[in-house]
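**Student:** Here you go, this is model_8.cif (mmCIF, C-alpha atoms).
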data_structure
#
loop_
_atom_site.group_PDB
_atom_site.id
_atom_site.type_symbol
_atom_site.label_atom_id
_atom_site.label_comp_id
_atom_site.auth_asym_id
_atom_site.auth_seq_id
_atom_site.Cartn_x
_atom_site.Cartn_y
_atom_site.Cartn_z
ATOM 1 C CA MET C 105 73.165 182.378 122.830
ATOM 2 C CA LEU C 106 69.793 180.785 122.020
ATOM 3 C CA GLY C 107 71.264 177.292 122.142
ATOM 4 C CA ASN C 108 72.820 177.953 125.550
ATOM 5 C CA TYR C 109 69.571 179.511 126.775
ATOM 6 C CA LEU C 110 67.769 176.283 125.876
ATOM 7 C CA VAL C 111 70.460 174.208 127.586
ATOM 8 C CA GLY C 112 70.069 176.279 130.747
ATOM 9 C CA LEU C 113 66.276 176.225 130.465
ATOM 10 C CA ARG C 114 65.999 172.497 129.897
ATOM 11 C CA GLU C 115 68.565 171.400 132.471
ATOM 12 C CA GLY C 116 67.320 174.027 134.917
ATOM 13 C CA LEU C 117 63.723 172.937 134.463
ATOM 14 C CA GLU C 118 64.656 169.307 135.050
ATOM 15 C CA ALA C 119 66.418 170.288 138.284
ATOM 16 C CA SER C 120 63.527 172.575 139.262
ATOM 17 C CA LEU C 121 60.989 169.813 138.676
ATOM 18 C CA VAL C 122 63.027 167.482 140.858
ATOM 19 C CA VAL C 123 63.094 170.053 143.668
ATOM 20 C CA VAL C 124 59.368 170.802 143.236
ATOM 21 C CA ILE C 125 58.500 167.107 143.471
ATOM 22 C CA LEU C 126 60.705 166.612 146.527
ATOM 23 C CA VAL C 127 59.318 169.651 148.338
ATOM 24 C CA ALA C 128 55.693 169.047 147.380
ATOM 25 C CA TYR C 129 55.797 165.410 148.461
ATOM 26 C CA LEU C 130 57.368 166.209 151.829
ATOM 27 C CA VAL C 131 54.771 168.924 152.479
ATOM 28 C CA LYS C 132 51.901 166.719 151.340
ATOM 29 C CA SER C 133 53.051 163.765 153.446
ATOM 30 C CA GLY C 134 53.386 165.883 156.585
ATOM 31 C CA ARG C 135 57.178 165.830 156.723
ATOM 32 C CA ALA C 136 57.847 169.525 156.150
ATOM 33 C CA GLN C 137 60.392 169.489 158.981
ATOM 34 C CA LEU C 138 62.705 167.582 156.620
ATOM 35 C CA LEU C 139 62.749 170.403 154.027
ATOM 36 C CA PRO C 140 66.047 171.931 155.301
ATOM 37 C CA ARG C 141 67.788 168.690 154.303
ATOM 38 C CA ILE C 142 66.471 169.072 150.739
ATOM 39 C CA TRP C 143 67.632 172.699 150.565
ATOM 40 C CA GLY C 144 70.996 171.680 151.996
ATOM 41 C CA GLY C 145 71.423 169.101 149.240
ATOM 42 C CA VAL C 146 70.396 171.649 146.585
ATOM 43 C CA ALA C 147 72.883 174.228 147.927
ATOM 44 C CA LEU C 148 75.645 171.618 147.978
ATOM 45 C CA ALA C 149 74.827 170.600 144.385
ATOM 46 C CA ILE C 150 75.025 174.228 143.221
ATOM 47 C CA GLY C 151 78.364 174.657 144.969
ATOM 48 C CA VAL C 152 79.797 171.504 143.399
ATOM 49 C CA SER C 153 78.594 172.586 139.932
ATOM 50 C CA LEU C 154 80.150 176.052 140.282
ATOM 51 C CA GLY C 155 83.391 174.517 141.527
ATOM 52 C CA PHE C 156 83.419 172.130 138.564
ATOM 53 C CA GLY C 157 82.888 175.053 136.190
ATOM 54 C CA ALA C 158 85.761 176.975 137.785
ATOM 55 C CA LEU C 159 88.011 173.929 137.498
ATOM 56 C CA LEU C 160 87.200 173.597 133.806
ATOM 57 C CA THR C 161 87.848 177.305 133.232
ATOM 58 C CA PHE C 162 91.111 177.742 135.114
ATOM 59 C CA GLY C 163 92.512 174.198 135.193
ATOM 60 C CA PRO C 164 93.914 173.918 131.635
ATOM 61 C CA ARG C 165 95.748 177.269 131.772
ATOM 62 C CA GLY C 166 99.518 177.069 131.631
ATOM 63 C CA LEU C 167 99.494 173.994 129.381
ATOM 64 C CA THR C 168 100.800 173.931 125.825
ATOM 65 C CA PHE C 169 98.425 174.895 123.013
ATOM 66 C CA GLU C 170 98.142 171.289 121.838
ATOM 67 C CA ALA C 171 97.415 170.058 125.369
ATOM 68 C CA GLN C 172 94.703 172.702 125.852
ATOM 69 C CA GLU C 173 93.101 171.813 122.528
ATOM 70 C CA PHE C 174 93.204 168.101 123.357
ATOM 71 C CA ILE C 175 91.563 168.639 126.746
ATOM 72 C CA GLY C 176 88.991 171.000 125.252
ATOM 73 C CA GLY C 177 88.122 168.630 122.414
ATOM 74 C CA THR C 178 87.849 165.624 124.714
ATOM 75 C CA LEU C 179 85.617 167.436 127.218
ATOM 76 C CA SER C 180 83.416 168.747 124.401
ATOM 77 C CA ILE C 181 82.818 165.209 123.185
ATOM 78 C CA ILE C 182 82.098 164.051 126.749
ATOM 79 C CA ALA C 183 79.629 166.955 127.120
ATOM 80 C CA VAL C 184 77.822 165.833 123.964
ATOM 81 C CA GLY C 185 77.591 162.328 125.392
ATOM 82 C CA PHE C 186 76.031 163.603 128.627
ATOM 83 C CA VAL C 187 73.546 165.874 126.852
ATOM 84 C CA THR C 188 72.534 163.098 124.438
ATOM 85 C CA TRP C 189 71.935 160.748 127.354
ATOM 86 C CA MET C 190 69.932 163.473 129.127
ATOM 87 C CA ILE C 191 67.724 164.062 126.077
ATOM 88 C CA PHE C 192 66.806 160.385 125.771
ATOM 89 C CA TRP C 193 66.479 159.841 129.524
ATOM 90 C CA MET C 194 63.989 162.687 129.880
ATOM 91 C CA ALA C 195 62.053 161.563 126.812
ATOM 92 C CA ARG C 196 61.577 158.122 128.399
ATOM 93 C CA SER C 197 61.308 159.033 132.070
ATOM 94 C CA ALA C 198 59.286 162.251 132.238
ATOM 95 C CA ARG C 199 56.038 160.363 132.897
ATOM 96 C CA GLY C 200 57.347 158.282 135.798
ATOM 97 C CA LEU C 201 59.722 160.824 137.313
ATOM 98 C CA SER C 202 57.379 161.805 140.136
ATOM 99 C CA GLY C 203 56.761 158.263 141.377
ATOM 100 C CA GLU C 204 60.444 157.363 141.171
ATOM 101 C CA LEU C 205 61.483 160.342 143.293
ATOM 102 C CA ARG C 206 58.750 159.703 145.846
ATOM 103 C CA GLY C 207 60.057 156.186 146.337
ATOM 104 C CA GLN C 208 63.545 157.586 146.898
ATOM 105 C CA ILE C 209 62.191 160.091 149.432
ATOM 106 C CA ASP C 210 60.415 157.381 151.415
ATOM 107 C CA LYS C 211 63.590 155.327 151.638
ATOM 108 C CA ALA C 212 65.730 158.347 152.505
ATOM 109 C CA ALA C 213 63.336 159.622 155.172
ATOM 110 C CA ASP C 214 63.567 156.265 156.944
ATOM 111 C CA GLY C 215 67.358 156.239 156.621
ATOM 112 C CA GLY C 216 70.085 158.360 158.134
ATOM 113 C CA ARG C 217 70.076 162.130 158.559
ATOM 114 C CA MET C 218 72.136 162.730 155.403
ATOM 115 C CA ALA C 219 70.060 160.462 153.158
ATOM 116 C CA LEU C 220 67.680 163.208 151.963
ATOM 117 C CA VAL C 221 70.610 165.564 151.453
ATOM 118 C CA LEU C 222 72.192 162.924 149.240
ATOM 119 C CA VAL C 223 68.970 162.442 147.221
ATOM 120 C CA ALA C 224 68.759 166.180 146.471
ATOM 121 C CA LEU C 225 72.498 166.433 145.841
ATOM 122 C CA LEU C 226 72.541 163.626 143.279
ATOM 123 C CA ALA C 227 69.286 164.631 141.570
ATOM 124 C CA VAL C 228 70.183 168.313 141.174
ATOM 125 C CA GLY C 229 73.967 167.924 140.974
ATOM 126 C CA ARG C 230 73.759 165.731 137.894
ATOM 127 C CA GLU C 231 71.951 168.479 135.984
ATOM 128 C CA GLY C 232 74.395 171.082 137.291
ATOM 129 C CA LEU C 233 77.497 169.154 136.223
ATOM 130 C CA GLU C 234 76.044 168.484 132.776
ATOM 131 C CA THR C 235 75.189 172.168 132.381
ATOM 132 C CA ALA C 236 78.643 173.332 133.528
ATOM 133 C CA LEU C 237 80.400 170.980 131.116
ATOM 134 C CA PHE C 238 78.221 171.804 128.121
ATOM 135 C CA ILE C 239 78.312 175.574 128.687
ATOM 136 C CA TRP C 240 82.081 175.435 129.126
ATOM 137 C CA ALA C 241 82.361 173.685 125.769
ATOM 138 C CA ALA C 242 80.127 176.327 124.165
ATOM 139 C CA THR C 243 82.208 179.117 125.705
ATOM 140 C CA GLN C 244 85.422 177.585 124.349
ATOM 141 C CA ALA C 245 83.824 177.359 120.910
ATOM 142 C CA ALA C 246 82.809 181.027 121.054
ATOM 143 C CA ALA C 247 86.345 181.993 122.077
ATOM 144 C CA THR C 248 87.727 180.649 118.788
ATOM 145 C CA GLY C 249 85.173 182.507 116.677
ATOM 146 C CA ALA C 250 83.876 186.024 116.423
ATOM 147 C CA GLY C 251 81.325 185.582 119.171
ATOM 148 C CA SER C 252 81.549 186.867 122.718
ATOM 149 C CA THR C 253 82.657 184.397 125.387
ATOM 150 C CA THR C 254 80.140 185.935 127.796
ATOM 151 C CA ALA C 255 77.140 185.294 125.526
ATOM 152 C CA PRO C 256 76.938 181.543 126.316
ATOM 153 C CA LEU C 257 77.121 182.302 130.043
ATOM 154 C CA ILE C 258 74.434 184.989 129.812
ATOM 155 C CA GLY C 259 72.195 182.735 127.723
ATOM 156 C CA ALA C 260 72.564 179.816 130.140
ATOM 157 C CA ALA C 261 71.980 182.065 133.168
ATOM 158 C CA LEU C 262 68.788 183.470 131.644
ATOM 159 C CA GLY C 263 67.623 179.940 130.870
ATOM 160 C CA ILE C 264 68.235 178.807 134.457
ATOM 161 C CA VAL C 265 66.427 181.860 135.868
ATOM 162 C CA THR C 266 63.475 181.151 133.572
ATOM 163 C CA ALA C 267 63.467 177.500 134.682
ATOM 164 C CA VAL C 268 63.447 178.445 138.370
ATOM 165 C CA LEU C 269 60.522 180.823 137.772
ATOM 166 C CA LEU C 270 58.608 178.120 135.889
ATOM 167 C CA GLY C 271 59.302 175.650 138.678
ATOM 168 C CA PHE C 272 57.958 178.093 141.276
ATOM 169 C CA LEU C 273 54.805 178.724 139.234
ATOM 170 C CA ILE C 274 54.270 174.979 138.790
ATOM 171 C CA TYR C 275 54.630 174.443 142.545
ATOM 172 C CA ARG C 276 52.136 177.206 143.283
ATOM 173 C CA GLY C 277 49.691 175.683 140.828
ATOM 174 C CA ALA C 278 49.705 178.804 138.657
ATOM 175 C CA LEU C 279 51.143 177.054 135.614
ATOM 176 C CA LYS C 280 50.421 173.813 133.816
ATOM 177 C CA LEU C 281 53.082 172.767 131.341
ATOM 178 C CA ASN C 282 52.834 170.061 128.694
ATOM 179 C CA PHE C 283 56.138 168.379 129.447
ATOM 180 C CA GLY C 284 55.828 165.984 126.510
ATOM 181 C CA LYS C 285 55.747 168.764 123.916
ATOM 182 C CA PHE C 286 58.324 170.853 125.767
ATOM 183 C CA PHE C 287 60.917 168.085 125.959
ATOM 184 C CA ALA C 288 60.187 166.993 122.387
ATOM 185 C CA TRP C 289 60.791 170.413 120.833
ATOM 186 C CA THR C 290 63.783 171.347 122.987
ATOM 187 C CA GLY C 291 65.255 167.865 122.615
ATOM 188 C CA GLY C 292 65.165 168.066 118.818
ATOM 189 C CA PHE C 293 66.855 171.475 118.795
ATOM 190 C CA LEU C 294 69.460 170.431 121.365
ATOM 191 C CA ILE C 295 70.463 167.519 119.139
ATOM 192 C CA LEU C 296 71.498 170.099 116.520
ATOM 193 C CA VAL C 297 73.291 172.161 119.176
ATOM 194 C CA ALA C 298 75.105 169.055 120.445
ATOM 195 C CA ALA C 299 76.136 168.161 116.889
ATOM 196 C CA GLY C 300 77.790 171.576 116.585
ATOM 197 C CA VAL C 301 79.656 171.092 119.864
ATOM 198 C CA LEU C 302 80.742 167.625 118.728
ATOM 199 C CA SER C 303 82.026 169.043 115.445
ATOM 200 C CA TYR C 304 83.894 171.755 117.333
ATOM 201 C CA GLY C 305 85.394 169.125 119.659
ATOM 202 C CA VAL C 306 86.686 167.195 116.659
ATOM 203 C CA HIS C 307 88.213 170.408 115.294
ATOM 204 C CA ASP C 308 89.991 170.909 118.632
ATOM 205 C CA LEU C 309 91.437 167.412 118.402
ATOM 206 C CA GLN C 310 92.596 168.186 114.879
ATOM 207 C CA GLU C 311 94.347 171.333 116.099
ATOM 208 C CA ALA C 312 95.938 169.242 118.855
ATOM 209 C CA ARG C 313 97.293 167.010 116.051
ATOM 210 C CA PHE C 314 95.463 164.063 117.589
ATOM 211 C CA LEU C 315 93.188 163.679 114.558
ATOM 212 C CA PRO C 316 94.198 164.245 110.915
ATOM 213 C CA GLY C 317 92.677 166.452 108.230
ATOM 214 C CA LEU C 318 92.938 169.936 109.757
ATOM 215 C CA HIS C 319 93.502 171.543 106.348
ATOM 216 C CA ASP C 320 91.209 169.250 104.314
ATOM 217 C CA LEU C 321 88.129 171.459 103.990
ATOM 218 C CA ALA C 322 84.739 170.136 102.956
ATOM 219 C CA PHE C 323 83.612 173.712 102.299
ATOM 220 C CA ASP C 324 84.661 177.267 103.019
ATOM 221 C CA VAL C 325 81.905 179.882 102.807
ATOM 222 C CA SER C 326 83.811 182.584 104.697
ATOM 223 C CA GLY C 327 83.489 184.837 101.659
ATOM 224 C CA THR C 328 79.706 184.528 101.780
ATOM 225 C CA ILE C 329 79.114 184.235 105.532
ATOM 226 C CA ASP C 330 81.461 186.533 107.395
ATOM 227 C CA PRO C 331 82.092 185.052 110.866
ATOM 228 C CA SER C 332 81.857 188.581 112.336
ATOM 229 C CA SER C 333 78.524 189.353 110.624
ATOM 230 C CA TRP C 334 75.190 189.043 112.407
ATOM 231 C CA ILE C 335 74.265 185.821 110.579
ATOM 232 C CA GLY C 336 77.700 184.319 111.197
ATOM 233 C CA THR C 337 77.446 185.213 114.897
ATOM 234 C CA LEU C 338 73.893 183.811 115.045
ATOM 235 C CA LEU C 339 74.877 180.513 113.433
ATOM 236 C CA LYS C 340 77.956 180.233 115.631
ATOM 237 C CA GLY C 341 76.040 181.051 118.800
ATOM 238 C CA THR C 342 73.169 178.639 118.159
ATOM 239 C CA LEU C 343 74.620 175.737 116.180
ATOM 240 C CA ASN C 344 78.413 176.265 116.481
ATOM 241 C CA PHE C 345 78.505 176.532 112.689
ATOM 242 C CA SER C 346 81.953 177.197 111.244
ATOM 243 C CA PRO C 347 82.167 178.789 107.750
ATOM 244 C CA ALA C 348 85.353 176.756 107.143
ATOM 245 C CA THR C 349 84.567 173.132 107.994
ATOM 246 C CA THR C 350 86.854 170.145 107.513
ATOM 247 C CA TRP C 351 85.697 166.869 106.003
ATOM 248 C CA LEU C 352 86.013 165.104 109.353
ATOM 249 C CA GLU C 353 83.938 167.760 111.131
ATOM 250 C CA ALA C 354 81.217 167.548 108.481
ATOM 251 C CA ALA C 355 81.201 163.745 108.557
ATOM 252 C CA VAL C 356 80.946 163.638 112.347
ATOM 253 C CA TRP C 357 78.074 166.166 112.292
ATOM 254 C CA VAL C 358 76.076 164.121 109.778
ATOM 255 C CA LEU C 359 76.842 160.777 111.440
ATOM 256 C CA TYR C 360 75.625 162.157 114.770
ATOM 257 C CA VAL C 361 72.506 164.060 113.699
ATOM 258 C CA ILE C 362 70.888 161.461 111.430
ATOM 259 C CA PRO C 363 70.846 158.407 113.755
ATOM 260 C CA VAL C 364 70.348 160.391 116.983
ATOM 261 C CA MET C 365 67.454 162.406 115.565
ATOM 262 C CA PHE C 366 65.872 159.227 114.163
ATOM 263 C CA LEU C 367 66.135 157.403 117.503
ATOM 264 C CA PHE C 368 64.880 160.445 119.400
ATOM 265 C CA LEU C 369 61.791 160.839 117.206
ATOM 266 C CA ARG C 370 61.076 157.126 117.535
ATOM 267 C CA THR C 371 61.448 157.322 121.320
ATOM 268 C CA ILE C 372 59.040 160.226 121.807
ATOM 269 C CA ARG C 373 56.483 158.560 119.514
ATOM 270 C CA ARG C 374 56.589 155.307 121.490
ATOM 271 C CA THR C 375 56.654 156.905 124.949
ATOM 272 C CA PRO C 376 53.184 157.730 126.343
ATOM 273 C CA PRO C 377 53.020 161.519 126.737
ATOM 274 C CA PRO C 378 53.178 162.788 130.314
ATOM 275 C CA ARG C 379 50.126 164.627 131.534
ATOM 276 C CA THR C 380 49.945 168.368 131.527
ATOM 277 C CA ALA C 381 50.417 168.809 135.225
ATOM 278 C CA SER C 382 50.938 171.084 138.147
ATOM 279 C CA THR C 383 52.978 169.716 141.022
ATOM 280 C CA ALA C 384 51.470 171.875 143.749
ATOM 281 C CA PRO C 385 50.872 169.997 147.009
ATOM 282 C CA LYS C 386 47.321 168.747 147.449
ATOM 283 C CA PRO C 387 45.513 167.895 150.668
ATOM 284 C CA ALA C 388 45.281 164.242 151.588
ATOM 285 C CA SER C 389 42.123 162.563 150.336
ATOM 286 C CA THR C 390 39.256 162.057 152.764
ATOM 287 C CA THR C 391 39.033 158.422 151.713
ATOM 288 C CA SER C 392 42.537 157.632 152.834
ATOM 289 C CA GLN C 393 42.018 159.593 156.072
ATOM 290 C CA GLY C 394 38.869 157.660 156.829
ATOM 291 C CA ALA C 395 40.561 154.357 156.126
ATOM 292 C CA SER C 396 43.450 155.158 158.417
ATOM 293 C CA ALA C 397 41.038 156.229 161.160
#
Go ahead and express the file in the form of structure tokens.

**Tutor:**
Amino acid sequence: MLGNYLVGLREGLEASLVVVILVAYLVKSGRAQLLPRIWGGVALAIGVSLGFGALLTFGPRGLTFEAQEFIGGTLSIIAVGFVTWMIFWMARSARGLSGELRGQIDKAADGGRMALVLVALLAVGREGLETALFIWAATQAAATGAGSTTAPLIGAALGIVTAVLLGFLIYRGALKLNFGKFFAWTGGFLILVAAGVLSYGVHDLQEARFLPGLHDLAFDVSGTIDPSSWIGTLLKGTLNFSPATTWLEAAVWVLYVIPVMFLFLRTIRRTPPPRTASTAPKPASTTSQGASA
């Protein structure tokens, strides 16, 4: 549940920051009348994300067991790819995110009526689709273990609610968040979460008979860590740890974590840290007003 909470929190905070920047810039630049287009794009993005989640949940039903496992394993691996890209993108782009979005707003405001809707839809929808795919993969993993299938959904929902609250406080100027440290710590933990989802995806492909080695176990600690115990549930819910792990699952986990963690740590060390900031709208400077007069 903790891992899914962090997924919801991180993705939700990214989407919230995007919305905060869009809204604050429109208000600050005197174009508040365009705000309904932003909210329309946000609502459309939420609807598309929910529809995508429903398609993932109900689409594979009625297929053979092997077909369901193949689809589940493939989508889990795709989800890991998206989350990995998101972790690195935010580590590199957090500092220049505000300026990039403001440039997009200026172009969209001068364009057609639907341009701002499209900006909000793409910016927020990307986070929503990534979240839906990753949480679906986590839910499928919980369904095969002793954990509850509702726990990933509850964890993600709580994370998104927390992110929306943080975004509101940032907009109001009541909260200043060190985005560099936040994305560094959550990024490092999410790499471990993603490695567990990747390992689970490989296991699905083994059960679908697409990959070999389903019965070649690297270790089996089921006698020590009962999957139904509190520690087994905790490890499953946070890291997708399986007490009985095949050699291929273990190899994939190690081959993902070591290089990705190394590259991530190198990226955050080289990237200048973003300022601790509040994105509340500020009045236009007197200097610029005088110059325009």

**Student:** Mind listing as an mmCIF file with C-alpha atoms, keeping the file's coordinate frame all residues within 12 Å of (95.1, 169.1, 115.5), counting all atoms listed in the file?

**Tutor:**
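Heads up, here's the output in selection_27.cif:
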data_model
loop_
_atom_site.group_PDB
_atom_site.id
_atom_site.type_symbol
_atom_site.label_atom_id
_atom_site.label_comp_id
_atom_site.auth_asym_id
_atom_site.auth_seq_id
_atom_site.Cartn_x
_atom_site.Cartn_y
_atom_site.Cartn_z
ATOM 1 C CA PHE C 169 98.425 174.895 123.013
ATOM 2 C CA GLU C 170 98.142 171.289 121.838
ATOM 3 C CA ALA C 171 97.415 170.058 125.369
ATOM 4 C CA GLN C 172 94.703 172.702 125.852
ATOM 5 C CA GLU C 173 93.101 171.813 122.528
ATOM 6 C CA PHE C 174 93.204 168.101 123.357
ATOM 7 C CA ILE C 175 91.563 168.639 126.746
ATOM 8 C CA GLY C 176 88.991 171.000 125.252
ATOM 9 C CA GLY C 177 88.122 168.630 122.414
ATOM 10 C CA TYR C 304 83.894 171.755 117.333
ATOM 11 C CA GLY C 305 85.394 169.125 119.659
ATOM 12 C CA VAL C 306 86.686 167.195 116.659
ATOM 13 C CA HIS C 307 88.213 170.408 115.294
ATOM 14 C CA ASP C 308 89.991 170.909 118.632
ATOM 15 C CA LEU C 309 91.437 167.412 118.402
ATOM 16 C CA GLN C 310 92.596 168.186 114.879
ATOM 17 C CA GLU C 311 94.347 171.333 116.099
ATOM 18 C CA ALA C 312 95.938 169.242 118.855
ATOM 19 C CA ARG C 313 97.293 167.010 116.051
ATOM 20 C CA PHE C 314 95.463 164.063 117.589
ATOM 21 C CA LEU C 315 93.188 163.679 114.558
ATOM 22 C CA PRO C 316 94.198 164.245 110.915
ATOM 23 C CA GLY C 317 92.677 166.452 108.230
ATOM 24 C CA LEU C 318 92.938 169.936 109.757
ATOM 25 C CA HIS C 319 93.502 171.543 106.348
ATOM 26 C CA ASP C 320 91.209 169.250 104.314
ATOM 27 C CA THR C 350 86.854 170.145 107.513
ATOM 28 C CA LEU C 352 86.013 165.104 109.353
#

**Student:** Leu160 of chain C: which residues within 9 Å, counting all atoms listed in the file, same-chain residues fewer than 6 positions away excluded, as a PyMOL selection string?

**Tutor:** chain C and resi 236-237+240

**Student:** Which residues would end up in the selection if the PyMOL selection byres ((chain C and resi 235) around 9) were applied here, given that I need the answer as a tab-separated table (two decimals) with C-alpha atoms, keeping the file's coordinate frame?

**Tutor:**
chain	number	residue	atom	x	y	z
C	111	VAL	CA	70.46	174.21	127.59
C	112	GLY	CA	70.07	176.28	130.75
C	115	GLU	CA	68.56	171.40	132.47
C	116	GLY	CA	67.32	174.03	134.92
C	153	SER	CA	78.59	172.59	139.93
C	183	ALA	CA	79.63	166.96	127.12
C	187	VAL	CA	73.55	165.87	126.85
C	230	ARG	CA	73.76	165.73	137.89
C	231	GLU	CA	71.95	168.48	135.98
C	232	GLY	CA	74.40	171.08	137.29
C	233	LEU	CA	77.50	169.15	136.22
C	234	GLU	CA	76.04	168.48	132.78
C	236	ALA	CA	78.64	173.33	133.53
C	237	LEU	CA	80.40	170.98	131.12
C	238	PHE	CA	78.22	171.80	128.12
C	239	ILE	CA	78.31	175.57	128.69
C	240	TRP	CA	82.08	175.44	129.13
C	260	ALA	CA	72.56	179.82	130.14

**Student:** So what does the PyMOL selection byres ((chain C and resi 348) around 7) actually pick up in this one, as a ChimeraX atom specification?

**Tutor:** /C:321,323-326,346-347,349-350

**Student:** Let me make sure I understand: among C:Leu294, C:Val124, C:Leu226, C:Ile372, which one has the smallest atom-to-atom distance to Leu343 of chain C if we use only C-alpha atoms?

**Tutor:**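 Of the candidates, the smallest distance to Leu343 of chain C is held by C:Leu294.
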
**Student:** Given the PyMOL selection byres ((chain C and resi 296) around 12) and the file above, list the residues it selects as a compact mmCIF listing (two decimals) with C-alpha atoms, keeping the file's coordinate frame.

**Tutor:**
# COMPACT_ATOMS: atom_id res chain seq x y z
CA GLY C 107 71.26 177.29 122.14
CA LEU C 110 67.77 176.28 125.88
CA VAL C 111 70.46 174.21 127.59
CA VAL C 184 77.82 165.83 123.96
CA VAL C 187 73.55 165.87 126.85
CA THR C 188 72.53 163.10 124.44
CA ILE C 191 67.72 164.06 126.08
CA TRP C 289 60.79 170.41 120.83
CA THR C 290 63.78 171.35 122.99
CA GLY C 291 65.26 167.86 122.62
CA GLY C 292 65.17 168.07 118.82
CA PHE C 293 66.86 171.48 118.80
CA LEU C 294 69.46 170.43 121.36
CA ILE C 295 70.46 167.52 119.14
CA VAL C 297 73.29 172.16 119.18
CA ALA C 298 75.10 169.06 120.44
CA ALA C 299 76.14 168.16 116.89
CA GLY C 300 77.79 171.58 116.58
CA VAL C 301 79.66 171.09 119.86
CA LEU C 302 80.74 167.62 118.73
CA SER C 303 82.03 169.04 115.44
CA LEU C 339 74.88 180.51 113.43
CA THR C 342 73.17 178.64 118.16
CA LEU C 343 74.62 175.74 116.18
CA ASN C 344 78.41 176.26 116.48
CA PHE C 345 78.50 176.53 112.69
CA TRP C 357 78.07 166.17 112.29
CA VAL C 358 76.08 164.12 109.78
CA LEU C 359 76.84 160.78 111.44
CA TYR C 360 75.62 162.16 114.77
CA VAL C 361 72.51 164.06 113.70
CA ILE C 362 70.89 161.46 111.43
CA VAL C 364 70.35 160.39 116.98
CA MET C 365 67.45 162.41 115.56

**Student:** To one decimal place, how far is atom CA of Phe287 of chain C from atom CA of Ala195 of chain C in Å?

**Tutor:**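 Interatomic distance here is 6.7 Å.
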
**Student:** Using atom CA of Ile125 of chain C and atom CA of Leu269 of chain C as the two end points, give the distance in Å to one decimal.

**Tutor:**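 Interatomic distance here is 15.0 Å.
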
**Student:** Which residues come within 8 Å of Leu225 of chain C, counting all atoms listed in the file, excluding same-chain residues fewer than 6 positions away, as a PyMOL selection string?

**Tutor:** chain C and resi 145-146+148-149

**Student:** Choose the residue, out of C:Gly157, C:Gly327, C:Gly144, C:Gly134, that has the smallest atom-to-atom separation from Met218 of chain C; count all atoms listed in the file.

**Tutor:**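 Using all atoms listed in the file, Met218 of chain C sits closest to C:Gly144.
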
**Student:** Interatomic distance between atom CA of Pro256 of chain C and atom CA of Val152 of chain C?

**Tutor:**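 Going from atom CA of Pro256 of chain C over to atom CA of Val152 of chain C covers 20.0 Å.
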
**Student:** Of the residues C:Phe368, C:Arg135, C:Ala224, C:Ser120, which is the one nearest to Ile274 of chain C, using all atoms listed in the file?

**Tutor:**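 The answer is C:Ser120, which sits nearest to Ile274 of chain C.
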
**Student:** Hey, can I get the axis-aligned box for segment 117-125 of chain C? All listed atoms, 4 Å padding on each side, centre and edge lengths in Å to one decimal, as lines of an AutoDock Vina configuration file.

**Tutor:**
center_x = 62.5
center_y = 170.0
center_z = 139.1
size_x = 15.9
size_y = 13.8
size_z = 17.2

**Student:** Extract, using all atoms listed in the file, all DNA, RNA and protein residues at most 12 Å from Phe272 of chain C, discarding same-chain residues fewer than 2 positions from it, and format them as a PyMOL selection string.

**Tutor:** chain C and resi 117+119-125+127-128+265-270+274-280+382-384

**Student:** Missing atoms in segment 230-240 of chain C: can you complete it with N, CA and C atoms, as a CSV table (one decimal), keeping the file's coordinate frame?

**Tutor:**
chain,number,residue,atom,x,y,z
C,230,ARG,N,73.6,166.3,139.2
C,230,ARG,CA,73.8,165.7,137.9
C,230,ARG,C,73.4,166.8,136.8
C,231,GLU,N,72.3,167.5,137.0
C,231,GLU,CA,72.0,168.5,136.0
C,231,GLU,C,73.0,169.6,136.0
C,232,GLY,N,73.4,170.0,137.2
C,232,GLY,CA,74.4,171.1,137.3
C,232,GLY,C,75.7,170.8,136.6
C,233,LEU,N,76.2,169.6,136.8
C,233,LEU,CA,77.5,169.2,136.2
C,233,LEU,C,77.4,169.1,134.7
C,234,GLU,N,76.3,168.5,134.2
C,234,GLU,CA,76.0,168.5,132.8
C,234,GLU,C,76.0,169.9,132.2
C,235,THR,N,75.3,170.8,132.9
C,235,THR,CA,75.2,172.2,132.4
C,235,THR,C,76.6,172.9,132.4
C,236,ALA,N,77.3,172.7,133.4
C,236,ALA,CA,78.6,173.3,133.5
C,236,ALA,C,79.5,172.8,132.4
C,237,LEU,N,79.5,171.5,132.1
C,237,LEU,CA,80.4,171.0,131.1
C,237,LEU,C,80.0,171.4,129.7
C,238,PHE,N,78.7,171.4,129.5
C,238,PHE,CA,78.2,171.8,128.1
C,238,PHE,C,78.4,173.3,127.9
C,239,ILE,N,78.1,174.1,128.9
C,239,ILE,CA,78.3,175.6,128.7
C,239,ILE,C,79.8,175.9,128.6
C,240,TRP,N,80.6,175.2,129.3
C,240,TRP,CA,82.1,175.4,129.1
C,240,TRP,C,82.5,175.1,127.7
